[in-house]
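Student: For reference, the structure I am asking about is given below.
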Amino acid sequence: MTFNEMNYQRPDFDQTYSDMKEYLVKMEQAATEAEFFKAFEDLDELSNHFETMSTLCYVRHTINTEDEFYKTEQDTMDEQLPRFQEIGTEGARICLESKFRPAFEEKYGKHLLEKFEVQLKTFKPEIIDDLVEENKLSSEYQKLTASAKIQFEGEERNLSGMAPFMESMDRGMRKRANDASWNWFAENSEKLDQIYDALVKVRTRIGKKLGYDNFIPVAYARMGRTDWTQSDARIYRDQIAESVVPLTQKLYRQQAQRIGIDQMKNYDVNLKFLTGNPTPKGDEPYMVQAAAEMYEELSPKTHEFFTLMRTRELMDLTTKKGKANGGYMTFFPEFKVPFIFSNFNGTSGDVDVLTHEAGHAFQGWLVRDSKPRALNDFTSEVAEIHSMSMEFFTHPWMEKFFGEDTEKYFYAHVADTLEFLPYGASIDELQEWVYENPDATAQERKAKYREIEKKYLPHLDYDGHEFLEQGGRWQKQLHVYLYPFYYLDYTLAQVCAHQFFNWSRKDPKAAWESYLELCSQSGRKPFTKLVPDAGLKNPFVAGTIASITPMLEEYLDSLDYSKIK
């Protein structure tokens with residue numbers, strides 16, 4: 001069955017909810033172990049169907065946000081889905097309190113029960129209306145940014161379509177493109193502020209109704225974090241400030257010299273090389289074919305996986321009118337297949353999507369037969385190890401995509417992943433401050449971010465662009481709106497991916513085997529156990545980042561600089 005052949009039917013929400021409640025009653029009243037597990041497994045199967053329909057709706061809506069049918073369906077989902085959180089939390093409570101808990105733990109492992117304990121912190125029936133409001137506001141942000149129409153160089157473009165111009169070798173073009181893109185945010189600043197202010201208020205209300213001083217404990221619980229806290233996050237961010245920021249500032253100084261700029265402005269940062277950034281040497285069909293060859297050579301498992309993705313049309317890759325911004329991987333549990341969504345725009349980021357999102361999808365495919373689905377629920381910092389590490393494991397095949405630009409890609413990719421860490425830390429620190437100060441004004445939030453930015457990204461010079469000078473850059477980061485506190489996770493995974501890269505350069509076979517084992521164990525162990533069990537260092541331990549960066553710096557210095565200009 002191809003993606004287009006997958007049949008979507010709006011669930012009968014009331015009937016589904018009633019059926020799920022009935023399975024919960026059967027679990028709670030089960031007289032035997034067999035009855036308990038039968039009801040639990042039946043509930044899981046029904047949940048898989050329900051999740052498949054809601055995911056199919058979401059994917060088709062984001063592929064074309066102007067499709068009226070799926071727009072209406074997504075609006076309906078936003079209204080209906082929150083009440084189903086009660087099913088999950090009630091099921092978690094029953095499993096934790098059941099007399100069959102020892103048998104459950106023996107069958108599925110201790111960590112699933114730990115995940116259930118965290119899940120109970122995220123829901124009470126009295127927050128259903130608040131969750132509906134939160135969903136609507138999140139969708140409003142996504143629709144607003146997807147609707148961006150920017151007149152540039154004689155054509156109407158969306159935000160993603162501006163990216164190639166912001167990497168132009170012509171400095172004047174870079175500045176115009178940068179201004180045009182950020183001017184859209186400035187012109188919509190009031191609406192963006194209103195949406196975020198409403199989100200902060202509703203999330204704070206949720207936090208208080210659940211018995212907390214603010215939203216942060218709920219956000220951490222939503223993210224499934226069973227094994228690290230705010231205090232761990234602060235220690236980790238301090239490592240980035242101490243060990244990564246000095247290195248990235250060195251890289252930015254080298255970049256300025258390389259592109260012949262005395263005073264680098266923010267619109268210069270996207271141009272890594274005076275001869276232009278590395279770009280793929282072909283369009284979508286060319287790159288998909290190159291990826292197919294790459295995954296065939298990487299391993300038998302990746303070959304089987306990517307063949308499935310192609311033949312069943314489980315990718316929608318190129319940017320187009322009405323398509324939502326960004327990229328993601330998702331999974332259809334009923335069909336046991338992943339799906340990749342992205343916005344190819346002719347930049348090296350297109351290749352990153354084919355490796356990054358494919359890393360997510362590959363892991364989903366590896367554990368496709370696991371039951372129950374909750375076993376495959378893992379935290380985001382675990383999920384991003386799958387994707388970011390795949391970016392590095394595919395380095396040996398990059399010449400297929402970049403040809404003579406390959407050495408430039410190697411440099412840009414490693415430098416970008418290092419330069420991302422301080423930005424990711426800045427987004428996390430902002431969110432922590434926002435939810436600790438929920439009554440702050442929009443102006444105060446922006447001012448705080450500009451202050452945080454100067455700590456982690458001191459090189460940024462906005463050349464007088466008022467919106468950016470006032471601290472508005474974070475409003476382009478959809479995670480802040482849609483997925484609160486989902487951002488430090490990327491940096492934690494990046495530090496793990498850096499370790500796999502360092503390891504794979506010494507012993508590629510051992511590193512790949514460790515990666516496969518980590519993928520298969522994801523969801524069965526918490527992050528701080530999964531990572532050391534895979535032979536990697538825990539990023540929360542002071543000194544970890546300082547032990548990793550020297551090898552990365554050495555790698556950058558070892559590249560052929562005659563090809564990096």
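Chain identifiers are assigned as A, B, and so on, following the order in which chains appear in the structure tokens; residues are numbered from 1 within each chain, and ligands are numbered from 1 in order of appearance.
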Residues within 12 Å of stretch 16-23 of chain A, please, as JSON, numbers by chain. Count only C-alpha atoms; anything in the same chain fewer than 6 positions from it doesn't count.

Tutor: {"A": [10, 29, 30, 35, 36, 37, 38, 39, 40, 41, 42, 43, 44, 45, 46, 47, 48, 49, 50, 51, 80, 81, 82, 83, 84, 85, 86, 87, 88, 89, 90, 91, 94]}

Student: For the residues selected in the previous step, produce a file with C-alpha atoms as a tab-separated table (two decimals), in the first residue's frame.

Tutor:
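Wrote it out as out30.tsv, contents follow:
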chain	number	residue	atom	x	y	z
A	10	ARG	CA	-12.61	10.34	10.54
A	29	GLN	CA	-11.71	-5.56	36.95
A	30	ALA	CA	-9.64	-8.40	35.49
A	35	GLU	CA	-7.84	-11.13	31.16
A	36	PHE	CA	-5.73	-8.12	32.18
A	37	PHE	CA	-3.25	-8.51	29.32
A	38	LYS	CA	-6.02	-9.24	26.78
A	39	ALA	CA	-7.79	-5.96	27.65
A	40	PHE	CA	-4.47	-4.08	27.63
A	41	GLU	CA	-3.54	-5.46	24.20
A	42	ASP	CA	-7.03	-4.75	22.76
A	43	LEU	CA	-6.75	-1.16	23.96
A	44	ASP	CA	-3.31	-0.89	22.35
A	45	GLU	CA	-4.67	-2.16	19.02
A	46	LEU	CA	-7.56	0.31	19.04
A	47	SER	CA	-5.18	3.12	20.00
A	48	ASN	CA	-2.94	2.20	17.05
A	49	HIS	CA	-5.86	2.61	14.64
A	50	PHE	CA	-6.88	5.90	16.21
A	51	GLU	CA	-3.31	7.23	16.12
A	80	GLN	CA	-11.22	16.12	19.97
A	81	LEU	CA	-7.76	14.76	20.77
A	82	PRO	CA	-7.23	16.40	24.19
A	83	ARG	CA	-9.93	14.34	25.92
A	84	PHE	CA	-8.18	11.14	24.81
A	85	GLN	CA	-5.23	12.05	27.02
A	86	GLU	CA	-7.42	10.86	29.86
A	87	ILE	CA	-7.36	7.34	28.37
A	88	GLY	CA	-3.57	7.28	28.47
A	89	THR	CA	-3.25	8.60	32.00
A	90	GLU	CA	-6.04	6.35	33.29
A	91	GLY	CA	-4.43	3.33	31.64
A	94	ILE	CA	-4.43	1.16	36.33

Student: For stretch 340-353 of chain A, list every protein, DNA or RNA residue within 8 Å, evaluated using only C-alpha atoms, and leave out those in the same chain fewer than 4 positions away; present the list as a ChimeraX atom specification.

Tutor: /A:59,63,160-161,163-164,277-280,283-284,287,314-320,325-330,357-358,361,391,401,409

Student: Store the residues picked out above, limited to C-alpha atoms, as a short mmCIF file (atom, residue, chain, number, x, y, z; two decimals), in the first residue's frame.

Tutor:
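Saved result, result.cif, follows:
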data_model
loop_
_atom_site.label_atom_id
_atom_site.label_comp_id
_atom_site.auth_asym_id
_atom_site.auth_seq_id
_atom_site.Cartn_x
_atom_site.Cartn_y
_atom_site.Cartn_z
CA VAL A 59 0.44 14.61 7.36
CA ILE A 63 1.43 18.70 2.86
CA SER A 160 11.49 28.10 3.25
CA GLY A 161 11.82 29.39 -0.30
CA ALA A 163 16.72 30.11 2.28
CA PRO A 164 18.80 29.84 -0.94
CA ASN A 277 28.01 26.93 0.11
CA PRO A 278 28.00 23.25 -0.88
CA THR A 279 24.82 22.42 -2.75
CA PRO A 280 23.36 19.13 -3.96
CA ASP A 283 17.01 17.75 -7.87
CA GLU A 284 14.80 15.51 -5.74
CA MET A 287 19.08 12.92 -4.49
CA LEU A 314 6.47 7.42 2.08
CA MET A 315 8.23 10.75 1.51
CA ASP A 316 7.02 14.23 0.54
CA LEU A 317 10.20 16.21 0.15
CA THR A 318 10.08 19.42 -1.90
CA THR A 319 8.73 22.81 -0.78
CA LYS A 320 5.61 24.04 -2.54
CA ASN A 325 7.24 24.76 7.10
CA GLY A 326 9.91 22.48 8.50
CA GLY A 327 10.57 18.78 8.33
CA TYR A 328 9.56 15.79 10.40
CA MET A 329 9.28 12.02 10.52
CA THR A 330 6.17 10.32 11.81
CA GLU A 357 14.74 12.32 9.05
CA ALA A 358 15.76 9.00 7.55
CA ALA A 361 12.42 6.71 10.15
CA GLU A 391 23.94 12.30 9.48
CA PHE A 401 25.42 14.38 -3.39
CA TYR A 409 30.19 19.89 3.13
#

Student: Show me a table, sorted first by chain and then by increasing residue number, of the residues of stretch 278-327 of chain A having an atom at most 8 Å from stretch 137-157 of chain A, each with its shortest atom pair and the distance in Å to one decimal, counting only C-alpha atoms and written as a tab-separated table.

Tutor:
residue	atom	partner	partner_atom	distance
A:Gly322	CA	A:Ala146	CA	6.5
A:Lys323	CA	A:Ala146	CA	6.6
A:Ala324	CA	A:Ala146	CA	5.0
A:Asn325	CA	A:Ala146	CA	5.9

Student: Using the chain letters and numbers from this document, which residues of stretch 355-500 of chain A does DSSP assign to alpha helix (DSSP H), as a PyMOL selection string?

Tutor: chain A and resi 355-366+380-393+399-402+406-436+442-456+466-469+478-482+488-500

Student: From a backbone DSSP assignment, name each residue in stretch 11-201 of chain A labelled strand (DSSP E), as number ranges by chain.

Tutor: A: 150-152, 155-157

Student: Per residue of stretch 188-301 of chain A within 12 Å of stretch 107-111 of chain A, what are the shortest atom pair and its distance in Å to one decimal, counting only C-alpha atoms, with rows by chain and residue number, as CSV?

Tutor:
residue,atom,partner,partner_atom,distance
A:Gly224,CA,A:His111,CA,11.0
A:Arg225,CA,A:His111,CA,11.4
A:Thr226,CA,A:His111,CA,9.0
A:Asp227,CA,A:His111,CA,10.6

Student: Have a look at atom CA of A:Leu251 and atom CA of A:Asp416 and let me know their distance in Å, one decimal.

Tutor: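 Computed distance, atom CA of A:Leu251 to atom CA of A:Asp416, equals 9.7 Å.
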
Student: Please compute the atom CA of A:Leu274-atom CA of A:Ile259 distance, one decimal, in Å.

Tutor: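 Spanning atom CA of A:Leu274 to atom CA of A:Ile259 is a straight-line distance of 4.6 Å.
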
Student: What is the distance between atom CA of A:Arg174 and atom CA of A:Gln477, in Å to one decimal?

Tutor: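 A separation of 20.4 Å between them.
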
Student: Return as JSON lines the residues of stretch 323-405 of chain A lying at most 12 Å from stretch 118-133 of chain A, together with the closest atom-to-atom pair for each and the distance in Å to one decimal, counting only C-alpha atoms, with rows in chain order and ascending residue number.

Tutor:
{"residue": "A:Ala374", "atom": "CA", "partner": "A:Gln119", "partner_atom": "CA", "distance": 11.3}
{"residue": "A:Asp377", "atom": "CA", "partner": "A:Gln119", "partner_atom": "CA", "distance": 11.4}
{"residue": "A:Thr379", "atom": "CA", "partner": "A:Val118", "partner_atom": "CA", "distance": 11.7}

Student: Could you write those residues out with N, CA and C atoms, as a CSV table (one decimal), in the first residue's frame?

Tutor:
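Wrote it out as part_4.csv, contents follow:
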chain,number,residue,atom,x,y,z
A,374,ALA,N,3.6,1.7,23.5
A,374,ALA,CA,4.2,2.5,24.6
A,374,ALA,C,5.7,2.1,24.8
A,377,ASP,N,7.8,4.5,23.0
A,377,ASP,CA,7.8,5.9,23.4
A,377,ASP,C,9.1,6.2,24.1
A,379,THR,N,12.1,9.6,24.9
A,379,THR,CA,12.2,11.0,25.0
A,379,THR,C,12.9,11.6,23.8

Student: Measuring atom to atom with only C-alpha atoms, identify which of A:Gln470, A:Ser520, A:Gln475, A:Asn183 is nearest to A:Gly364.

Tutor: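 Closest residue, counting only C-alpha atoms: A:Ser520.
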
Student: Give me the residues near A:Glu117 as a PDB file with C-alpha atoms, in the first residue's frame, where near means some atom within 8 Å (using only C-alpha atoms) and where sequence neighbours in that chain fewer than 3 positions away do not count.

Tutor:
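Output (out_3.pdb):
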ATOM      1  CA  ALA A  92      -1.102   4.271  33.225  1.00  0.00           C
ATOM      2  CA  ARG A  93      -2.730   4.550  36.666  1.00  0.00           C
ATOM      3  CA  LEU A  96       0.722   1.057  38.216  1.00  0.00           C
ATOM      4  CA  LEU A 113       6.200   1.775  34.407  1.00  0.00           C
ATOM      5  CA  GLU A 114       8.552   4.712  35.034  1.00  0.00           C
ATOM      6  CA  LEU A 120       0.236  10.752  35.434  1.00  0.00           C
ATOM      7  CA  LYS A 121       1.723  14.198  36.081  1.00  0.00           C
TER       8      LYS A 121
END

Student: Report as an NGL selection string all protein, DNA and RNA residues lying within 9 Å of stretch 55-58 of chain A, evaluated on only C-alpha atoms, omitting residues in the same chain fewer than 3 positions from it.

Tutor: :A and (6-10 or 50-52 or 61-63 or 70-71 or 73-74 or 77 or 330-332)

Student: Now that the selection is made, can you save its residues with C-alpha atoms as a short mmCIF file (atom, residue, chain, number, x, y, z; two decimals), in the first residue's frame?

Tutor:
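What landed in again-v7.cif:
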data_model
loop_
_atom_site.label_atom_id
_atom_site.label_comp_id
_atom_site.auth_asym_id
_atom_site.auth_seq_id
_atom_site.Cartn_x
_atom_site.Cartn_y
_atom_site.Cartn_z
CA MET A 6 -3.93 4.72 2.74
CA ASN A 7 -7.59 5.26 3.49
CA TYR A 8 -8.43 8.05 5.94
CA GLN A 9 -11.72 7.91 7.82
CA ARG A 10 -12.61 10.34 10.54
CA PHE A 50 -6.88 5.90 16.21
CA GLU A 51 -3.31 7.23 16.12
CA THR A 52 -2.94 6.14 12.49
CA HIS A 61 -2.92 18.70 6.20
CA THR A 62 0.73 19.77 6.46
CA ILE A 63 1.43 18.70 2.86
CA TYR A 70 -7.96 18.15 5.73
CA LYS A 71 -7.98 21.64 7.17
CA GLU A 73 -10.35 17.46 9.71
CA GLN A 74 -7.29 18.88 11.52
CA MET A 77 -8.71 16.69 15.64
CA THR A 330 6.17 10.32 11.81
CA PHE A 331 4.87 6.76 11.98
CA PHE A 332 1.63 5.00 11.01
#

Student: Taking 5 positions as the minimum chain separation for residues in the same chain, which residues sit within 12 Å of A:Tyr267 when counting only C-alpha atoms? Answer as JSON, numbers by chain.

Tutor: {"A": [163, 165, 166, 167, 168, 169, 170, 171, 172, 173, 174, 175, 176, 177, 178, 179, 180, 181, 182, 256, 261, 272, 459, 460, 461, 462, 463, 464, 465, 468]}

Student: From the options A:Leu556, A:Met551, A:Leu457, A:Ala447, which residue's atoms come nearest to A:Glu407, counting only C-alpha atoms?

Tutor: A:Leu556

Student: Using only C-alpha atoms, which of the listed residues (A:Leu366, A:Ala425, A:Cys519, A:Val200) sits closest to A:Val244?

Tutor: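 That would be A:Ala425, the residue with the smallest distance to A:Val244.
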
Student: Can you pull out every residue within 10 Å of A:Ala440, counting only C-alpha atoms, but drop anything in the same chain fewer than 6 positions away, and send it as an NGL selection string?

Tutor: :A and (197 or 200 or 433-434 or 446 or 448)

Student: So that I can check the surroundings of A:Tyr212, please list as an MDAnalysis selection string every protein, DNA and RNA residue that reaches within 12 Å of it, counting only C-alpha atoms and ignoring chain neighbours fewer than 3 positions away.

Tutor: chainID A and resid 121:122 203:209 215:219 221 435:436

Student: Please write the residues from the selection above to a file, keeping C-alpha atoms, as a PDB file, in the first residue's frame.

Tutor:
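Written out: again.pdb:
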ATOM      1  CA  LYS A 121       1.723  14.198  36.081  1.00  0.00           C
ATOM      2  CA  THR A 122       0.424  15.594  32.786  1.00  0.00           C
ATOM      3  CA  ARG A 203       0.142  26.512  29.871  1.00  0.00           C
ATOM      4  CA  THR A 204       0.671  28.290  33.187  1.00  0.00           C
ATOM      5  CA  ARG A 205      -2.995  27.650  33.982  1.00  0.00           C
ATOM      6  CA  ILE A 206      -2.479  23.960  33.147  1.00  0.00           C
ATOM      7  CA  GLY A 207       0.563  23.818  35.439  1.00  0.00           C
ATOM      8  CA  LYS A 208      -1.350  25.320  38.354  1.00  0.00           C
ATOM      9  CA  LYS A 209      -4.401  23.084  37.865  1.00  0.00           C
ATOM     10  CA  PHE A 215       4.285  24.992  33.759  1.00  0.00           C
ATOM     11  CA  ILE A 216       7.899  23.723  33.778  1.00  0.00           C
ATOM     12  CA  PRO A 217       7.343  20.446  35.719  1.00  0.00           C
ATOM     13  CA  VAL A 218       4.430  19.646  33.379  1.00  0.00           C
ATOM     14  CA  ALA A 219       6.590  20.389  30.329  1.00  0.00           C
ATOM     15  CA  ALA A 221       6.737  15.363  32.327  1.00  0.00           C
ATOM     16  CA  TYR A 435       7.593  30.031  32.283  1.00  0.00           C
ATOM     17  CA  GLU A 436       9.205  31.184  35.540  1.00  0.00           C
TER      18      GLU A 436
END

Student: When you count only C-alpha atoms, which of these residues is closest to A:Tyr561: A:Leu530, A:Asp268, A:Thr355, A:Gln254?

Tutor: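 The shortest atom-to-atom distance to A:Tyr561 comes from A:Gln254.
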
Student: Which one is closest to A:Gly359: A:Ser389, A:Asn538, A:Gln239, A:Asn376? Count only C-alpha atoms.

Tutor: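 Using only C-alpha atoms, the shortest distance to A:Gly359 belongs to A:Ser389.
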